[in-house]
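Next up, data.cif (mmCIF, C-alpha atoms (C1' of nucleotides)):
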```
data_protein
loop_
_atom_site.label_atom_id
_atom_site.label_comp_id
_atom_site.auth_asym_id
_atom_site.auth_seq_id
_atom_site.Cartn_x
_atom_site.Cartn_y
_atom_site.Cartn_z
CA MET A 10 0.00 0.00 0.00
CA GLU A 11 2.85 2.38 0.84
CA ALA A 12 4.37 1.43 -2.50
CA LEU A 13 1.17 2.42 -4.29
CA ILE A 14 1.14 5.83 -2.62
CA ARG A 15 4.81 6.35 -3.34
CA TYR A 16 4.18 5.47 -6.98
CA LEU A 17 1.34 8.02 -7.23
CA LEU A 18 3.44 10.73 -5.54
CA GLN A 19 5.94 10.48 -8.39
CA TYR A 20 3.29 11.96 -10.66
CA GLY A 21 1.66 14.62 -8.45
CA ASN A 22 1.33 15.96 -4.93
CA LEU A 23 -1.18 14.51 -2.50
CA ASN A 24 -1.91 15.73 1.00
CA PRO A 25 -2.49 13.35 3.95
CA GLU A 26 -6.29 13.48 3.72
CA GLN A 27 -6.16 12.69 0.02
CA ILE A 28 -3.79 9.81 0.68
CA GLU A 29 -6.13 8.47 3.33
CA LEU A 30 -9.06 8.75 0.93
CA ILE A 31 -7.14 6.85 -1.73
CA GLN A 32 -6.20 4.14 0.74
CA SER A 33 -9.82 3.78 1.79
CA LYS A 34 -10.83 3.10 -1.81
CA ALA A 35 -8.09 0.61 -2.71
CA GLU A 36 -9.24 -2.99 -2.37
CA PRO A 37 -6.96 -6.02 -2.20
CA LYS A 38 -7.61 -8.71 -4.79
CA THR A 39 -5.89 -11.90 -5.73
CA ILE A 40 -6.12 -13.67 -9.07
CA GLU A 41 -4.95 -17.13 -9.93
CA LYS A 42 -2.30 -18.04 -12.43
CA GLY A 43 -3.88 -18.62 -15.82
CA THR A 44 -6.98 -16.51 -15.24
CA TYR A 45 -7.78 -13.16 -16.77
CA PHE A 46 -7.78 -9.79 -15.05
CA SER A 47 -9.51 -8.35 -18.10
CA GLU A 48 -10.89 -9.89 -21.29
CA ALA A 49 -11.25 -8.77 -24.89
CA GLY A 50 -14.83 -7.71 -25.60
CA LYS A 51 -15.67 -7.07 -21.97
CA ILE A 52 -15.70 -3.71 -20.24
CA ALA A 53 -12.88 -3.14 -17.77
CA GLY A 54 -14.45 -2.49 -14.37
CA GLN A 55 -11.25 -1.98 -12.44
CA ILE A 56 -7.69 -0.79 -12.57
CA GLY A 57 -5.07 -2.70 -10.60
CA TYR A 58 -1.75 -1.97 -8.94
CA VAL A 59 0.36 -5.13 -8.85
CA THR A 60 1.82 -5.91 -5.42
CA GLU A 61 2.89 -9.47 -6.22
CA GLY A 62 3.08 -11.49 -9.41
CA ILE A 63 3.27 -11.03 -13.16
CA LEU A 64 0.60 -10.52 -15.81
CA ARG A 65 0.80 -10.14 -19.54
CA VAL A 66 -1.21 -8.02 -21.95
CA CYS A 67 -1.86 -10.28 -24.91
CA TYR A 68 -4.06 -11.13 -27.88
CA TYR A 69 -4.88 -14.21 -29.92
CA ASN A 70 -4.88 -14.62 -33.67
CA ASN A 71 -7.53 -16.49 -35.66
CA ILE A 72 -5.90 -19.87 -35.03
CA GLY A 73 -5.63 -19.42 -31.29
CA GLU A 74 -1.95 -18.54 -31.02
CA GLY A 75 -1.31 -16.08 -28.21
CA PHE A 76 1.02 -13.09 -28.53
CA THR A 77 2.41 -11.10 -25.63
CA ARG A 78 2.40 -7.34 -26.04
CA TYR A 79 4.11 -6.69 -22.72
CA PHE A 80 4.47 -7.89 -19.15
CA VAL A 81 3.24 -6.09 -16.05
CA TYR A 82 4.84 -6.93 -12.72
CA GLU A 83 5.23 -5.61 -9.18
CA ASN A 84 4.68 -1.91 -8.50
CA ARG A 85 3.03 -1.10 -11.78
CA PHE A 86 -0.54 -0.33 -12.75
CA VAL A 87 -2.37 -2.68 -15.07
CA ALA A 88 -5.59 -2.06 -16.98
CA ASP A 89 -7.07 -1.75 -20.43
CA ILE A 90 -6.99 1.98 -19.92
CA ASN A 91 -9.19 3.02 -22.82
CA SER A 92 -11.81 0.48 -21.82
CA PHE A 93 -11.65 1.50 -18.17
CA ARG A 94 -11.83 5.23 -18.85
CA ASP A 95 -14.66 5.25 -21.39
CA GLN A 96 -16.32 1.96 -20.44
CA LEU A 97 -15.93 0.54 -23.92
CA PRO A 98 -15.17 -3.10 -24.72
CA SER A 99 -11.57 -4.11 -24.12
CA SER A 100 -9.48 -4.85 -27.16
CA GLU A 101 -7.21 -7.45 -25.55
CA TYR A 102 -6.68 -9.87 -22.70
CA ILE A 103 -4.77 -9.34 -19.48
CA GLU A 104 -3.69 -12.72 -18.15
CA ALA A 105 -2.11 -13.66 -14.82
CA ILE A 106 1.09 -15.57 -15.55
CA THR A 107 1.63 -16.30 -11.86
CA ASP A 108 -0.72 -16.03 -8.92
CA CYS A 109 -1.09 -12.30 -8.39
CA SER A 110 -1.93 -9.90 -5.60
CA LEU A 111 -3.30 -6.52 -6.60
CA MET A 112 -4.75 -3.40 -5.09
CA ILE A 113 -7.68 -2.44 -7.27
CA PHE A 114 -9.84 0.63 -7.77
CA SER A 115 -13.32 -0.03 -9.10
CA LYS A 116 -14.66 2.33 -11.73
CA GLU A 117 -16.95 3.87 -9.10
CA SER A 118 -14.10 4.41 -6.63
CA PHE A 119 -11.90 5.79 -9.36
CA THR A 120 -14.59 8.25 -10.44
CA GLU A 121 -15.12 9.38 -6.86
CA LEU A 122 -11.40 9.94 -6.46
CA SER A 123 -11.45 11.94 -9.70
CA ASN A 124 -14.17 14.15 -8.26
CA ARG A 125 -12.64 14.62 -4.85
CA ILE A 126 -8.93 14.89 -5.68
CA PRO A 127 -8.15 17.62 -8.23
CA VAL A 128 -4.81 16.18 -9.35
CA TRP A 129 -6.13 12.60 -9.67
CA ASN A 130 -6.84 12.77 -13.38
CA SER A 131 -3.61 14.58 -14.03
CA ILE A 132 -1.67 11.85 -12.23
CA PHE A 133 -3.26 9.12 -14.31
CA ALA A 134 -2.91 11.05 -17.53
CA LYS A 135 0.83 11.25 -16.87
CA ILE A 136 1.13 7.60 -15.89
CA THR A 137 -0.82 6.54 -18.97
CA SER A 138 1.16 8.55 -21.48
CA ASN A 139 4.50 7.71 -19.88
CA VAL A 140 3.80 4.00 -19.81
CA LEU A 141 2.31 3.82 -23.29
CA GLU A 142 5.10 5.88 -24.78
CA ASN A 143 7.70 3.62 -23.19
CA LYS A 144 5.95 0.49 -24.45
CA MET A 145 5.68 1.98 -27.91
CA LYS A 146 9.35 2.89 -27.96
CA ALA A 147 10.31 -0.56 -26.73
CA SER A 148 8.43 -2.30 -29.56
CA SER A 149 9.67 0.21 -32.10
CA ASN A 150 13.28 -0.25 -30.95
CA MET A 151 13.01 -4.03 -31.14
CA LEU A 152 11.85 -3.77 -34.73
CA VAL A 153 15.29 -2.59 -35.85
CA GLN A 154 17.37 -4.93 -33.68
CA ASP A 155 18.24 -8.57 -34.21
CA ALA A 156 16.72 -11.17 -31.90
CA GLN A 157 19.78 -11.67 -29.71
CA THR A 158 20.10 -7.94 -29.09
CA ARG A 159 16.43 -7.80 -28.14
CA TYR A 160 16.84 -10.67 -25.68
CA ILE A 161 19.93 -9.20 -24.05
CA HIS A 162 18.21 -5.86 -23.74
CA PHE A 163 15.26 -7.58 -22.07
CA LEU A 164 17.58 -9.29 -19.58
CA GLU A 165 19.21 -5.98 -18.72
CA HIS A 166 16.06 -3.91 -18.62
CA TYR A 167 13.95 -6.42 -16.66
CA PRO A 168 16.43 -8.22 -14.39
CA GLY A 169 15.11 -11.55 -13.21
CA LEU A 170 11.92 -11.37 -15.22
CA ALA A 171 13.10 -13.86 -17.85
CA ASN A 172 13.24 -16.52 -15.13
CA ARG A 173 9.69 -15.82 -13.98
CA VAL A 174 7.77 -16.06 -17.26
CA PRO A 175 7.34 -19.01 -19.65
CA LEU A 176 9.91 -18.78 -22.42
CA SER A 177 7.19 -19.23 -25.03
CA MET A 178 5.55 -16.02 -23.81
CA LEU A 179 8.86 -14.23 -23.72
CA ALA A 180 9.52 -15.40 -27.28
CA SER A 181 6.24 -13.96 -28.54
CA TYR A 182 7.02 -10.69 -26.75
CA LEU A 183 10.39 -10.59 -28.53
CA GLY A 184 8.76 -11.42 -31.85
CA ILE A 185 10.59 -14.74 -32.35
CA THR A 186 9.74 -18.44 -32.10
CA PRO A 187 10.46 -20.47 -28.95
CA SER A 188 13.05 -22.42 -30.95
CA SER A 189 14.95 -19.28 -31.84
CA LEU A 190 14.87 -18.04 -28.26
CA SER A 191 16.22 -21.37 -27.08
CA ARG A 192 19.10 -21.18 -29.54
CA ILE A 193 19.91 -17.62 -28.52
CA ARG A 194 19.98 -18.60 -24.86
CA LYS A 195 22.35 -21.46 -25.59
CA ASN A 196 24.50 -19.14 -27.63
CA ILE A 197 24.94 -16.65 -24.82
CA THR A 198 25.80 -18.86 -21.87
CA MET B 6 -9.78 24.97 -38.73
CA GLU B 7 -13.16 23.28 -38.99
CA ALA B 8 -11.31 19.98 -39.22
CA LEU B 9 -9.47 20.73 -35.98
CA ILE B 10 -12.74 21.45 -34.16
CA ARG B 11 -14.36 18.35 -35.62
CA TYR B 12 -11.39 16.31 -34.44
CA LEU B 13 -11.68 17.66 -30.89
CA LEU B 14 -15.44 17.06 -30.80
CA GLN B 15 -14.78 13.34 -31.30
CA TYR B 16 -13.28 13.31 -27.82
CA GLY B 17 -15.59 15.59 -25.83
CA ASN B 18 -18.36 18.15 -26.07
CA LEU B 19 -17.61 21.81 -26.61
CA ASN B 20 -20.12 24.66 -26.69
CA PRO B 21 -19.93 27.51 -29.22
CA GLU B 22 -18.13 29.91 -26.85
CA GLN B 23 -15.55 27.28 -26.07
CA ILE B 24 -15.06 26.59 -29.75
CA GLU B 25 -14.56 30.27 -30.41
CA LEU B 26 -12.05 30.49 -27.59
CA ILE B 27 -10.13 27.56 -29.02
CA GLN B 28 -10.14 29.10 -32.48
CA SER B 29 -8.84 32.37 -31.08
CA LYS B 30 -5.84 30.55 -29.57
CA ALA B 31 -4.90 28.42 -32.57
CA GLU B 32 -2.12 29.99 -34.66
CA PRO B 33 -1.24 29.00 -38.22
CA LYS B 34 2.35 27.99 -38.78
CA THR B 35 4.29 26.62 -41.71
CA ILE B 36 7.51 24.64 -41.51
CA GLU B 37 9.81 23.73 -44.34
CA LYS B 38 10.65 20.27 -45.54
CA GLY B 39 13.72 18.99 -43.73
CA THR B 40 13.38 21.21 -40.65
CA TYR B 41 12.35 20.14 -37.17
CA PHE B 42 9.08 20.87 -35.42
CA SER B 43 10.64 19.64 -32.21
CA GLU B 44 14.15 18.52 -31.27
CA ALA B 45 15.61 16.00 -28.84
CA GLY B 46 16.95 17.74 -25.76
CA LYS B 47 14.82 20.85 -26.22
CA ILE B 48 11.55 21.61 -24.46
CA ALA B 49 8.46 21.38 -26.65
CA GLY B 50 6.80 24.80 -26.61
CA GLN B 51 3.89 23.94 -28.84
CA ILE B 52 1.52 21.25 -29.97
CA GLY B 53 0.47 21.20 -33.62
CA TYR B 54 -2.49 20.01 -35.65
CA VAL B 55 -1.38 19.12 -39.18
CA THR B 56 -3.49 20.72 -41.91
CA GLU B 57 -1.10 19.92 -44.77
CA GLY B 58 2.01 17.80 -45.09
CA ILE B 59 3.77 14.92 -43.40
CA LEU B 60 6.15 14.75 -40.46
CA ARG B 61 7.94 11.87 -38.83
CA VAL B 62 8.82 11.19 -35.22
CA CYS B 63 12.36 9.84 -35.31
CA TYR B 64 15.63 9.34 -33.50
CA TYR B 65 19.28 8.90 -34.42
CA ASN B 66 21.72 6.26 -33.24
CA ASN B 67 25.32 6.92 -32.28
CA ILE B 68 26.53 6.79 -35.88
CA GLY B 69 23.94 9.20 -37.18
CA GLU B 70 21.51 6.77 -38.78
CA GLY B 71 17.92 7.98 -38.48
CA PHE B 72 15.03 5.70 -37.55
CA THR B 73 11.38 6.55 -38.07
CA ARG B 74 9.05 5.71 -35.18
CA TYR B 75 5.93 6.83 -37.01
CA PHE B 76 4.54 9.33 -39.47
CA VAL B 77 2.09 12.12 -38.70
CA TYR B 78 0.01 13.56 -41.51
CA GLU B 79 -3.08 15.63 -42.18
CA ASN B 80 -5.73 15.95 -39.46
CA ARG B 81 -3.64 14.58 -36.64
CA PHE B 82 -1.96 16.21 -33.66
CA VAL B 83 1.79 16.13 -33.42
CA ALA B 84 3.94 16.86 -30.37
CA ASP B 85 6.37 15.34 -27.95
CA ILE B 86 3.52 15.09 -25.50
CA ASN B 87 5.50 14.33 -22.35
CA SER B 88 7.85 17.21 -23.07
CA PHE B 89 5.00 19.59 -23.85
CA ARG B 90 2.94 18.65 -20.80
CA ASP B 91 5.67 18.74 -18.18
CA GLN B 92 8.11 21.04 -19.95
CA LEU B 93 10.88 18.48 -19.83
CA PRO B 94 13.49 17.95 -22.57
CA SER B 95 12.17 16.09 -25.61
CA SER B 96 13.47 12.59 -26.15
CA GLU B 97 13.25 12.59 -29.95
CA TYR B 98 13.02 14.64 -33.11
CA ILE B 99 9.93 15.57 -35.10
CA GLU B 100 10.97 16.32 -38.66
CA ALA B 101 8.97 17.77 -41.54
CA ILE B 102 9.21 15.36 -44.48
CA THR B 103 7.35 17.75 -46.75
CA ASP B 104 6.55 21.43 -46.37
CA CYS B 105 3.87 21.49 -43.69
CA SER B 106 1.03 23.71 -42.56
CA LEU B 107 -0.05 23.42 -38.96
CA MET B 108 -2.37 25.04 -36.47
CA ILE B 109 -0.41 25.30 -33.25
CA PHE B 110 -1.21 25.97 -29.60
CA SER B 111 1.60 27.48 -27.56
CA LYS B 112 2.13 26.13 -24.07
CA GLU B 113 0.62 29.34 -22.66
CA SER B 114 -2.48 29.12 -24.87
CA PHE B 115 -2.86 25.45 -24.06
CA THR B 116 -2.67 26.13 -20.34
CA GLU B 117 -5.23 28.90 -20.63
CA LEU B 118 -7.57 26.58 -22.50
CA SER B 119 -7.04 23.99 -19.75
CA ASN B 120 -8.09 26.54 -17.17
CA ARG B 121 -11.09 27.89 -19.04
CA ILE B 122 -12.49 24.72 -20.65
CA PRO B 123 -13.23 21.96 -18.13
CA VAL B 124 -13.14 19.08 -20.64
CA TRP B 125 -9.95 20.29 -22.35
CA ASN B 126 -7.59 18.10 -20.36
CA SER B 127 -9.93 15.15 -20.67
CA ILE B 128 -10.01 15.55 -24.45
CA PHE B 129 -6.24 15.54 -24.69
CA ALA B 130 -5.86 12.69 -22.24
CA LYS B 131 -8.08 10.58 -24.50
CA ILE B 132 -6.32 11.64 -27.69
CA THR B 133 -2.95 10.92 -26.12
CA SER B 134 -3.78 7.47 -24.83
CA ASN B 135 -5.65 6.46 -27.98
CA VAL B 136 -2.85 7.54 -30.27
CA LEU B 137 -0.05 6.09 -28.17
CA GLU B 138 -1.87 2.80 -27.71
CA ASN B 139 -2.45 2.52 -31.44
CA LYS B 140 1.19 3.28 -32.19
CA MET B 141 2.29 0.75 -29.60
CA LYS B 142 0.04 -1.93 -31.05
CA ALA B 143 1.24 -1.16 -34.56
CA SER B 144 4.89 -1.65 -33.61
CA SER B 145 4.09 -4.70 -31.53
CA ASN B 146 2.10 -6.24 -34.39
CA MET B 147 4.90 -5.64 -36.88
CA LEU B 148 7.31 -7.46 -34.61
CA VAL B 149 5.59 -10.78 -35.30
CA GLN B 150 4.98 -10.30 -39.03
CA ASP B 151 7.37 -10.71 -41.94
CA ALA B 152 8.50 -7.66 -43.86
CA GLN B 153 6.17 -8.11 -46.84
CA THR B 154 3.13 -8.42 -44.57
CA ARG B 155 4.18 -5.26 -42.74
CA TYR B 156 4.53 -3.35 -46.01
CA ILE B 157 1.17 -4.51 -47.37
CA HIS B 158 -0.49 -3.62 -44.09
CA PHE B 159 1.07 -0.17 -44.31
CA LEU B 160 -0.28 0.30 -47.84
CA GLU B 161 -3.76 -0.68 -46.73
CA HIS B 162 -3.77 1.22 -43.47
CA TYR B 163 -2.24 4.43 -44.82
CA PRO B 164 -3.45 4.66 -48.44
CA GLY B 165 -1.28 6.91 -50.55
CA LEU B 166 1.22 7.60 -47.80
CA ALA B 167 3.87 5.29 -49.22
CA ASN B 168 4.05 7.55 -52.30
CA ARG B 169 4.54 10.67 -50.21
CA VAL B 170 7.46 9.66 -48.00
CA PRO B 171 11.03 8.67 -48.94
CA LEU B 172 11.30 4.91 -49.16
CA SER B 173 14.35 4.96 -46.92
CA MET B 174 12.23 6.45 -44.14
CA LEU B 175 9.44 4.00 -44.77
CA ALA B 176 12.00 1.19 -44.61
CA SER B 177 13.24 2.30 -41.20
CA TYR B 178 9.64 2.55 -39.98
CA LEU B 179 9.06 -1.03 -41.14
CA GLY B 180 12.29 -2.17 -39.53
CA ILE B 181 13.99 -3.27 -42.75
CA THR B 182 16.73 -1.96 -45.04
CA PRO B 183 15.94 0.11 -48.13
CA SER B 184 17.23 -2.79 -50.25
CA SER B 185 14.76 -5.20 -48.72
CA LEU B 186 11.90 -2.77 -49.19
CA SER B 187 12.85 -2.35 -52.83
CA ARG B 188 12.82 -6.12 -53.37
CA ILE B 189 9.45 -6.45 -51.66
CA ARG B 190 7.98 -3.74 -53.85
CA LYS B 191 9.24 -5.46 -56.98
CA ASN B 192 7.86 -8.73 -55.70
CA ILE B 193 4.35 -7.37 -55.28
CA THR B 194 3.78 -5.48 -58.52
"C1'" DC C 3 22.66 19.90 -72.37
"C1'" DT C 4 25.78 18.25 -69.04
"C1'" DT C 5 27.24 17.22 -64.54
"C1'" DG C 6 26.88 15.69 -60.04
"C1'" DC C 7 24.31 14.17 -56.23
"C1'" DC C 8 21.25 11.38 -53.87
"C1'" DA C 9 17.61 7.99 -53.61
"C1'" DT C 10 16.44 3.63 -55.25
"C1'" DT C 11 17.23 -0.75 -57.40
"C1'" DT C 12 19.73 -4.89 -58.29
"C1'" DG C 13 23.00 -8.85 -57.72
"C1'" DG C 14 25.65 -12.09 -55.10
"C1'" DC C 15 26.50 -13.92 -50.93
"C1'" DA C 16 26.30 -14.48 -45.79
"C1'" DA C 17 23.82 -14.44 -41.57
"C1'" DT C 18 19.62 -14.77 -39.18
"C1'" DT C 19 15.37 -16.73 -38.28
"C1'" DG C 20 11.44 -19.86 -39.31
"C1'" DT C 21 9.47 -24.51 -39.89
"C1'" DC C 22 8.84 -29.10 -38.72
"C1'" DA C 23 9.76 -33.14 -36.32
"C1'" DA C 24 11.94 -35.53 -32.76
"C1'" DA C 25 14.10 -35.78 -28.29
"C1'" DC C 26 14.45 -34.23 -23.70
"C1'" DG C 27 13.18 -33.04 -19.00
"C1'" DC C 28 10.50 -31.81 -15.33
"C1'" DA C 29 6.20 -31.67 -12.53
"C1'" DG C 30 1.65 -33.50 -11.26
"C1'" DG C 31 -1.53 -37.45 -10.98
"C1'" DC C 32 -2.21 -42.30 -10.40
"C1'" DG D 8 7.90 -45.26 -8.65
"C1'" DC D 9 5.94 -44.75 -13.10
"C1'" DC D 10 3.07 -42.35 -16.69
"C1'" DT D 11 1.62 -38.57 -18.88
"C1'" DG D 12 1.59 -33.99 -20.64
"C1'" DC D 13 3.53 -29.80 -21.55
"C1'" DG D 14 7.25 -26.66 -22.11
"C1'" DT D 15 11.82 -26.48 -23.86
"C1'" DT D 16 15.70 -27.93 -26.59
"C1'" DT D 17 17.89 -29.69 -30.63
"C1'" DG D 18 18.75 -30.90 -35.52
"C1'" DA D 19 18.24 -30.40 -40.44
"C1'" DC D 20 16.77 -27.69 -43.86
"C1'" DA D 21 14.32 -23.74 -46.13
"C1'" DA D 22 13.07 -19.01 -46.36
"C1'" DT D 23 13.84 -14.35 -45.19
"C1'" DT D 24 16.57 -10.54 -44.58
"C1'" DG D 25 21.01 -8.11 -44.14
"C1'" DC D 26 25.29 -6.54 -46.10
"C1'" DC D 27 28.16 -4.63 -49.54
"C1'" DA D 28 29.08 -2.93 -53.90
"C1'" DA D 29 27.68 -1.53 -58.33
"C1'" DA D 30 24.21 0.13 -61.54
"C1'" DT D 31 20.32 2.97 -62.49
"C1'" DG D 32 17.38 6.96 -62.52
"C1'" DG D 33 15.62 11.47 -61.50
"C1'" DC D 34 16.35 16.11 -60.30
"C1'" DA D 35 18.58 20.42 -59.65
"C1'" DA D 36 22.50 23.54 -60.45
"C1'" DG D 37 25.61 25.26 -63.58
#
```

Translate the structure described by the file into structure tokens.
Amino acid sequence: MEALIRYLLQYGNLNPEQIELIQSKAEPKTIEKGTYFSEAGKIAGQIGYVTEGILRVCYYNNIGEGFTRYFVYENRFVADINSFRDQLPSSEYIEAITDCSLMIFSKESFTELSNRIPVWNSIFAKITSNVLENKMKASSNMLVQDAQTRYIHFLEHYPGLANRVPLSMLASYLGITPSSLSRIRKNIT
Amino acid sequence: MEALIRYLLQYGNLNPEQIELIQSKAEPKTIEKGTYFSEAGKIAGQIGYVTEGILRVCYYNNIGEGFTRYFVYENRFVADINSFRDQLPSSEYIEAITDCSLMIFSKESFTELSNRIPVWNSIFAKITSNVLENKMKASSNMLVQDAQTRYIHFLEHYPGLANRVPLSMLASYLGITPSSLSRIRKNIT
DNA sequence: CTTGCCATTTGGCAATTGTCAAACGCAGGC
DNA sequence: GCCTGCGTTTGACAATTGCCAAATGGCAAG
């Protein structure tokens, strides 16, 4: 909970009453490995702050193959933000890769916080654009690098994460096949 | 100018006085082919709405090669949004690929509109997250497609644009070399 | 018209990555 | 302990893409 508040304070100032209000609206939630926090076609009713575990934002093609857009892990927010904000159907899935513990804000709580805390929307606007821009740059950078460079960069940028996610999901994040990832890993060690 | 207002109205309601206020703050600006709308390291002082022409958001590696993250063309906003919002140094360049005509809002005008139009920030928060999410998905999708598929998708998704930008810049957007793009083009026709 | 420059195309070859099938290895259920 | 299933690794081969150098083509300046 302290981590959540510290995260928010990076993006705007909050006084003690506001912090208390936020804490009163945050609800703990756990989700099991393999289940979805949010599903394509459904309306996102909550936004989560990950306190333990890893999720992935992903989609499936017409023959059921899953592709990982990115991973979300401890001390980050996770949500289909456009679905949550405008209550439109989600475009993708958010899947728990491990058992996860979250602090969530329901849409109603979030709206109340918007109304009662002037900087609330500004904080989330900043978080949203920062995160999305970083994800966009990450994908865009990978596009012009070879697979081994992408993997090494992942290891350096997300220390330890490669050991916590299935390699098949990491491969689809990197845009390569599991076979290629396996060969690259052998090559490096 | 009507196009700019129509674009904004997609993201929130504005009454006639608000529309007039917005119009009074929008300034026309032209920039020449080859010059920068915004430069890495400098603070973005304006956000632009493109009425004519094409720009690219790009960066340069340590040996001076330029890479295109994405193109911005008519009836879209262009800015280094994190730099503009928080007045921090820009991370990348925004370069005019053709002579361009824009309607711009200075930081001061934008702030005044924020203060006088309640939905202004909400409109731009939606635009920002929609655009960034789409760009992120586009890069992420390309990562798992072969080069020819990426090129064909570009042709279909941005009709006519391939004929208006240098092929070398399109190649770097697609994450391939100009030679490869040339071969793919020959292959298709 | 000629020249020179720069973007694009082309060719040959090398490196990377994909595809497919088989083998391997580990964890959970019986 | 043994089976079974799934994720990962490995091998052989094919396809894609990169790299480098040369040729081509268009455009602008002289």

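Remark: for chain A, the closest of the candidate residues B:Arg74, B:Arg61, B:Arg188, B:Arg169 is B:Arg74 (distances computed over only C-alpha atoms).
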
Restrict the distance test to all atoms listed in the file, flag each residue of chain B within 10 Å of chain D, and return the flagged residues as a PDB file with C-alpha atoms, in the frame of the given file.
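The resulting file, result_27.pdb, is reproduced below:
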```pdb
ATOM      1  CA  ASP B 151       7.370 -10.710 -41.940  1.00  0.00           C
ATOM      2  CA  ALA B 152       8.500  -7.660 -43.860  1.00  0.00           C
ATOM      3  CA  ILE B 181      13.990  -3.270 -42.750  1.00  0.00           C
ATOM      4  CA  THR B 182      16.730  -1.960 -45.040  1.00  0.00           C
ATOM      5  CA  SER B 184      17.230  -2.790 -50.250  1.00  0.00           C
ATOM      6  CA  SER B 185      14.760  -5.200 -48.720  1.00  0.00           C
TER       7      SER B 185
END
```

Closest of A:Val140, A:Met178, A:Ile14, A:Ile28 to chain B, counting only C-alpha atoms, is A:Val140

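If we count only C-alpha atoms (C1' of nucleotides), these residues of chain C sit within 9 Å of chain A: C:DT18, C:DT19, C:DG20.
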
Distance cut-off 10 Å, counting all atoms listed in the file - which residues of chain A neighbour chain B? Return them as an mmCIF file with C-alpha atoms, in the frame of the given file.
```cif
data_model
loop_
_atom_site.group_PDB
_atom_site.id
_atom_site.type_symbol
_atom_site.label_atom_id
_atom_site.label_comp_id
_atom_site.auth_asym_id
_atom_site.auth_seq_id
_atom_site.Cartn_x
_atom_site.Cartn_y
_atom_site.Cartn_z
ATOM 1 C CA PHE A 76 1.020 -13.090 -28.530
ATOM 2 C CA THR A 77 2.410 -11.100 -25.630
ATOM 3 C CA ARG A 78 2.400 -7.340 -26.040
ATOM 4 C CA TYR A 79 4.110 -6.690 -22.720
ATOM 5 C CA ILE A 90 -6.990 1.980 -19.920
ATOM 6 C CA ASN A 91 -9.190 3.020 -22.820
ATOM 7 C CA ARG A 94 -11.830 5.230 -18.850
ATOM 8 C CA ASP A 95 -14.660 5.250 -21.390
ATOM 9 C CA ASN A 130 -6.840 12.770 -13.380
ATOM 10 C CA SER A 131 -3.610 14.580 -14.030
ATOM 11 C CA PHE A 133 -3.260 9.120 -14.310
ATOM 12 C CA ALA A 134 -2.910 11.050 -17.530
ATOM 13 C CA LYS A 135 0.830 11.250 -16.870
ATOM 14 C CA THR A 137 -0.820 6.540 -18.970
ATOM 15 C CA SER A 138 1.160 8.550 -21.480
ATOM 16 C CA ASN A 139 4.500 7.710 -19.880
ATOM 17 C CA VAL A 140 3.800 4.000 -19.810
ATOM 18 C CA LEU A 141 2.310 3.820 -23.290
ATOM 19 C CA GLU A 142 5.100 5.880 -24.780
ATOM 20 C CA ASN A 143 7.700 3.620 -23.190
ATOM 21 C CA LYS A 144 5.950 0.490 -24.450
ATOM 22 C CA MET A 145 5.680 1.980 -27.910
ATOM 23 C CA LYS A 146 9.350 2.890 -27.960
ATOM 24 C CA ALA A 147 10.310 -0.560 -26.730
ATOM 25 C CA SER A 148 8.430 -2.300 -29.560
ATOM 26 C CA SER A 149 9.670 0.210 -32.100
ATOM 27 C CA ASN A 150 13.280 -0.250 -30.950
ATOM 28 C CA MET A 151 13.010 -4.030 -31.140
ATOM 29 C CA LEU A 152 11.850 -3.770 -34.730
ATOM 30 C CA VAL A 153 15.290 -2.590 -35.850
ATOM 31 C CA GLN A 154 17.370 -4.930 -33.680
ATOM 32 C CA SER A 181 6.240 -13.960 -28.540
ATOM 33 C CA TYR A 182 7.020 -10.690 -26.750
ATOM 34 C CA LEU A 183 10.390 -10.590 -28.530
ATOM 35 C CA GLY A 184 8.760 -11.420 -31.850
ATOM 36 C CA ILE A 185 10.590 -14.740 -32.350
ATOM 37 C CA THR A 186 9.740 -18.440 -32.100
#
```

Give me, please, the distance in Å between atom CA of Gln32 of chain A and atom CA of Leu13 of chain A, quoted to one decimal. 9.1 Å

Quick one: residues within 9 Å of Glu48 of chain A, all atoms listed in the file, excluding same-chain residues fewer than 5 positions away - as a PyMOL selection string? chain A and resi 53+98-104

Evaluated on this file, the PyMOL selection byres ((chain A and resi 20) around 7) picks out some residues - which ones are they, written as an NGL selection string? :A and (17-19 or 21 or 132 or 135)

Restricting the calculation to all atoms listed in the file, which member of B:Arg190, B:Trp125, B:Leu26, B:Phe82 is positioned closest to Arg155 of chain B?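 Smallest separation from Arg155 of chain B among the options: B:Arg190.
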
Output check: residues returned by the PyMOL selection byres ((chain A and resi 42) around 10), as a short mmCIF file (atom, residue, chain, number, x, y, z; two decimals) with C-alpha atoms, in the frame of the given file:
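Result file follows (result27.cif):
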```cif
data_model
loop_
_atom_site.label_atom_id
_atom_site.label_comp_id
_atom_site.auth_asym_id
_atom_site.auth_seq_id
_atom_site.Cartn_x
_atom_site.Cartn_y
_atom_site.Cartn_z
CA THR A 39 -5.89 -11.90 -5.73
CA ILE A 40 -6.12 -13.67 -9.07
CA GLU A 41 -4.95 -17.13 -9.93
CA GLY A 43 -3.88 -18.62 -15.82
CA THR A 44 -6.98 -16.51 -15.24
CA TYR A 45 -7.78 -13.16 -16.77
CA GLY A 62 3.08 -11.49 -9.41
CA ILE A 63 3.27 -11.03 -13.16
CA LEU A 64 0.60 -10.52 -15.81
CA GLU A 104 -3.69 -12.72 -18.15
CA ALA A 105 -2.11 -13.66 -14.82
CA ILE A 106 1.09 -15.57 -15.55
CA THR A 107 1.63 -16.30 -11.86
CA ASP A 108 -0.72 -16.03 -8.92
CA CYS A 109 -1.09 -12.30 -8.39
#
```
